[in-house]
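Quick look at target34.pdb (PDB, C-alpha atoms, pLDDT in the B column):
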```pdb
ATOM      1  CA  MET A 241       0.000   0.000   0.000  1.00 51.00           C
ATOM      2  CA  LYS A 242       2.865   2.386  -0.725  1.00 66.00           C
ATOM      3  CA  THR A 243       0.822   4.010  -3.485  1.00 75.00           C
ATOM      4  CA  ARG A 244      -1.774   4.962  -0.906  1.00 80.00           C
ATOM      5  CA  SER A 245       0.803   6.806   1.188  1.00 80.00           C
ATOM      6  CA  VAL A 246       1.972   8.742  -1.883  1.00 83.00           C
ATOM      7  CA  VAL A 247      -1.597   9.778  -2.638  1.00 87.00           C
ATOM      8  CA  VAL A 248      -2.283  10.756   0.983  1.00 87.00           C
ATOM      9  CA  TYR A 249       0.909  12.799   1.147  1.00 87.00           C
ATOM     10  CA  SER A 250       0.105  14.560  -2.133  1.00 90.00           C
ATOM     11  CA  VAL A 251      -3.423  15.395  -1.006  1.00 93.00           C
ATOM     12  CA  LEU A 252      -2.155  16.761   2.320  1.00 92.00           C
ATOM     13  CA  ARG A 253       0.399  18.936   0.515  1.00 93.00           C
ATOM     14  CA  LEU A 254      -2.304  20.291  -1.795  1.00 95.00           C
ATOM     15  CA  LEU A 255      -4.569  21.027   1.163  1.00 95.00           C
ATOM     16  CA  ALA A 256      -1.730  22.815   2.952  1.00 95.00           C
ATOM     17  CA  PHE A 257      -1.609  25.150  -0.057  1.00 96.00           C
ATOM     18  CA  LEU A 258      -5.277  25.428  -1.055  1.00 97.00           C
ATOM     19  CA  VAL A 259      -6.803  26.054   2.382  1.00 96.00           C
ATOM     20  CA  PRO A 260      -4.646  29.123   3.166  1.00 96.00           C
ATOM     21  CA  LEU A 261      -5.169  30.348  -0.406  1.00 96.00           C
ATOM     22  CA  GLY A 262      -8.941  30.069  -0.041  1.00 96.00           C
ATOM     23  CA  ILE A 263      -8.906  31.883   3.287  1.00 96.00           C
ATOM     24  CA  MET A 264      -6.719  34.688   1.942  1.00 95.00           C
ATOM     25  CA  LEU A 265      -8.885  35.139  -1.135  1.00 95.00           C
ATOM     26  CA  LEU A 266     -11.789  36.013   1.186  1.00 95.00           C
ATOM     27  CA  PHE A 267     -10.041  39.322   1.935  1.00 94.00           C
ATOM     28  CA  PRO A 268     -10.532  42.117  -0.602  1.00 93.00           C
ATOM     29  CA  ILE A 269      -6.861  43.063  -0.783  1.00 92.00           C
ATOM     30  CA  PHE A 270      -5.871  39.554  -1.835  1.00 91.00           C
ATOM     31  CA  ARG A 271      -8.641  39.453  -4.433  1.00 90.00           C
ATOM     32  CA  GLU A 272      -7.064  42.460  -6.107  1.00 92.00           C
ATOM     33  CA  MET A 273      -3.513  41.128  -5.800  1.00 93.00           C
ATOM     34  CA  TYR A 274      -4.078  37.404  -6.232  1.00 93.00           C
ATOM     35  CA  TRP A 275      -0.380  36.845  -6.991  1.00 95.00           C
ATOM     36  CA  LEU A 276       0.468  37.975  -3.467  1.00 95.00           C
ATOM     37  CA  ALA A 277      -2.051  35.476  -2.084  1.00 95.00           C
ATOM     38  CA  LEU A 278      -0.423  32.734  -4.183  1.00 96.00           C
ATOM     39  CA  ILE A 279       3.021  33.578  -2.808  1.00 96.00           C
ATOM     40  CA  PHE A 280       1.818  33.668   0.791  1.00 96.00           C
ATOM     41  CA  ALA A 281      -0.157  30.443   0.359  1.00 96.00           C
ATOM     42  CA  ALA A 282       2.917  28.723  -1.073  1.00 97.00           C
ATOM     43  CA  LEU A 283       5.049  29.879   1.859  1.00 97.00           C
ATOM     44  CA  ILE A 284       2.421  28.834   4.397  1.00 96.00           C
ATOM     45  CA  GLY A 285       1.938  25.471   2.685  1.00 95.00           C
ATOM     46  CA  LEU A 286       5.674  24.856   2.649  1.00 94.00           C
ATOM     47  CA  SER A 287       5.954  25.746   6.334  1.00 95.00           C
ATOM     48  CA  LEU A 288       3.027  23.527   7.290  1.00 93.00           C
ATOM     49  CA  SER A 289       4.404  20.588   5.327  1.00 92.00           C
ATOM     50  CA  ILE A 290       7.848  20.946   6.911  1.00 91.00           C
ATOM     51  CA  ILE A 291       6.361  21.084  10.397  1.00 92.00           C
ATOM     52  CA  PHE A 292       3.528  18.562  10.192  1.00 91.00           C
ATOM     53  CA  LEU A 293       4.211  16.257   7.243  1.00 88.00           C
ATOM     54  CA  ARG A 294       7.701  15.014   8.071  1.00 89.00           C
ATOM     55  CA  ARG A 295       6.581  11.456   8.881  1.00 88.00           C
ATOM     56  CA  PRO A 296       4.477  10.978   5.722  1.00 85.00           C
ATOM     57  CA  LEU A 297       7.386  12.362   3.688  1.00 87.00           C
ATOM     58  CA  ASP A 298       9.749   9.851   5.307  1.00 87.00           C
ATOM     59  CA  ASP A 299       7.305   7.020   4.563  1.00 85.00           C
ATOM     60  CA  VAL A 300       6.972   8.047   0.922  1.00 85.00           C
ATOM     61  CA  SER A 301      10.736   8.494   0.515  1.00 85.00           C
ATOM     62  CA  SER A 302      11.575   5.127   2.050  1.00 86.00           C
ATOM     63  CA  GLY A 303       8.936   3.430  -0.089  1.00 84.00           C
ATOM     64  CA  LEU A 304      10.337   4.977  -3.258  1.00 83.00           C
ATOM     65  CA  ALA A 305      13.895   4.039  -2.270  1.00 84.00           C
ATOM     66  CA  ALA A 306      12.844   0.440  -1.584  1.00 84.00           C
ATOM     67  CA  ARG A 307      11.042   0.233  -4.926  1.00 81.00           C
ATOM     68  CA  ARG A 308      14.102   1.583  -6.733  1.00 82.00           C
ATOM     69  CA  ALA A 309      16.390  -0.910  -4.936  1.00 82.00           C
ATOM     70  CA  ARG A 310      14.114  -3.807  -5.911  1.00 79.00           C
ATOM     71  CA  ARG A 311      14.076  -2.632  -9.515  1.00 77.00           C
ATOM     72  CA  GLN A 312      17.866  -2.267  -9.720  1.00 73.00           C
ATOM     73  CA  ARG A 313      18.724  -5.518  -7.956  1.00 72.00           C
ATOM     74  CA  THR A 314      19.428  -8.290 -10.426  1.00 66.00           C
ATOM     75  CA  THR A 315      18.070 -11.725  -9.703  1.00 70.00           C
ATOM     76  CA  ALA A 316      20.196 -14.853  -9.500  1.00 71.00           C
ATOM     77  CA  ALA A 317      18.815 -16.039 -12.845  1.00 74.00           C
ATOM     78  CA  GLU A 318      19.790 -12.751 -14.519  1.00 76.00           C
ATOM     79  CA  GLN A 319      23.290 -12.941 -13.042  1.00 76.00           C
ATOM     80  CA  ASP A 320      23.630 -16.572 -14.194  1.00 79.00           C
ATOM     81  CA  ALA A 321      22.508 -15.660 -17.709  1.00 81.00           C
ATOM     82  CA  GLU A 322      24.996 -12.804 -17.807  1.00 83.00           C
ATOM     83  CA  VAL A 323      27.861 -15.105 -16.734  1.00 82.00           C
ATOM     84  CA  GLU A 324      26.848 -17.619 -19.415  1.00 84.00           C
ATOM     85  CA  ASP A 325      26.788 -14.892 -22.067  1.00 85.00           C
ATOM     86  CA  VAL A 326      30.278 -13.735 -21.111  1.00 86.00           C
ATOM     87  CA  ALA A 327      31.593 -17.324 -21.103  1.00 85.00           C
ATOM     88  CA  ASN A 328      30.012 -18.068 -24.483  1.00 87.00           C
ATOM     89  CA  ALA A 329      31.455 -14.902 -25.951  1.00 86.00           C
ATOM     90  CA  ALA A 330      34.918 -15.822 -24.644  1.00 86.00           C
ATOM     91  CA  LEU A 331      34.723 -19.298 -26.190  1.00 86.00           C
ATOM     92  CA  GLN A 332      33.614 -18.115 -29.636  1.00 84.00           C
ATOM     93  CA  PRO A 333      36.480 -17.877 -32.133  1.00 77.00           C
ATOM     94  CA  ASP A 334      37.008 -14.360 -33.384  1.00 68.00           C
ATOM     95  CA  ASP A 335      38.492 -15.103 -36.817  1.00 62.00           C
ATOM     96  CA  GLY A 336      36.382 -12.560 -38.667  1.00 59.00           C
ATOM     97  CA  ASP A 337      34.592 -15.374 -40.499  1.00 57.00           C
ATOM     98  CA  GLY A 338      31.299 -15.024 -38.644  1.00 55.00           C
ATOM     99  CA  PRO A 339      27.947 -14.583 -40.371  1.00 57.00           C
ATOM    100  CA  GLU A 340      27.960 -10.848 -39.675  1.00 57.00           C
ATOM    101  CA  ASN A 341      31.030 -10.428 -41.886  1.00 53.00           C
ATOM    102  CA  HIS A 342      29.522 -12.149 -44.928  1.00 54.00           C
ATOM    103  CA  SER A 343      27.836  -9.902 -47.421  1.00 55.00           C
ATOM    104  CA  ALA A 344      24.437 -10.832 -48.803  1.00 55.00           C
ATOM    105  CA  GLY A 345      25.722 -10.820 -52.384  1.00 53.00           C
ATOM    106  CA  ARG A 346      28.222 -13.693 -52.038  1.00 51.00           C
TER     107      ARG A 346
END
```
Kindly return the structure encoded in the file as structure tokens.
Amino acid sequence: MKTRSVVVYSVLRLLAFLVPLGIMLLFPIFREMYWLALIFAALIGLSLSIIFLRRPLDDVSSGLAARRARRQRTTAAEQDAEVEDVANAALQPDDGDGPENHSAGR
């Protein structure tokens, strides 16, 4: 259920931005200068996520690191196949008389 934690973390980050933005847009000054409300909402959202969302961020980061490690780790069968390929390549004679050196016209 690592995907669930990514979704929860993303939703919480969006809420940390959208709720302050919505509250600030209730004030007339921020309706006129909406760009200032966006900047303040981004700063507030960043602060809230640093303070309150450290644990979900750690969970998401560790899940992504574990998934990457599983994807990069080669299995025993893949390692065995790679060793066989290297051994077969070392045993093949390299006299330049292989099929890749013959032209189609001969």
Within 10 Å of Leu278 of chain A using all atoms listed in the file, minus same-chain residues under 5 positions, as a PDB file with C-alpha atoms, in the frame of the given file:
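Saved as out27.pdb:
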```
ATOM      1  CA  PHE A 257      -1.609  25.150  -0.057  1.00 96.00           C
ATOM      2  CA  LEU A 258      -5.277  25.428  -1.055  1.00 97.00           C
ATOM      3  CA  PRO A 260      -4.646  29.123   3.166  1.00 96.00           C
ATOM      4  CA  LEU A 261      -5.169  30.348  -0.406  1.00 96.00           C
ATOM      5  CA  GLY A 262      -8.941  30.069  -0.041  1.00 96.00           C
ATOM      6  CA  MET A 264      -6.719  34.688   1.942  1.00 95.00           C
ATOM      7  CA  LEU A 265      -8.885  35.139  -1.135  1.00 95.00           C
ATOM      8  CA  PHE A 270      -5.871  39.554  -1.835  1.00 91.00           C
ATOM      9  CA  MET A 273      -3.513  41.128  -5.800  1.00 93.00           C
ATOM     10  CA  LEU A 283       5.049  29.879   1.859  1.00 97.00           C
ATOM     11  CA  ILE A 284       2.421  28.834   4.397  1.00 96.00           C
TER      12      ILE A 284
END
```
Axis-aligned box for segment 295-310 of chain A, 5 Å per side, centre and edges in Å as JSON:
```
{"center_x": 10.4, "center_y": 4.3, "center_z": 1.1, "size_x": 21.9, "size_y": 26.2, "size_z": 25.6}
```
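Taking atom CA of Val247 of chain A and atom CA of Leu286 of chain A as the two end points, the separation is 17.6 Å.
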Checklist entry - Neighbours of segment 298-312 of chain A within 10 Å (all atoms listed in the file; same-chain residues fewer than 5 positions away dropped), as a VMD selection string? => result chain A and resid 241 to 250 293
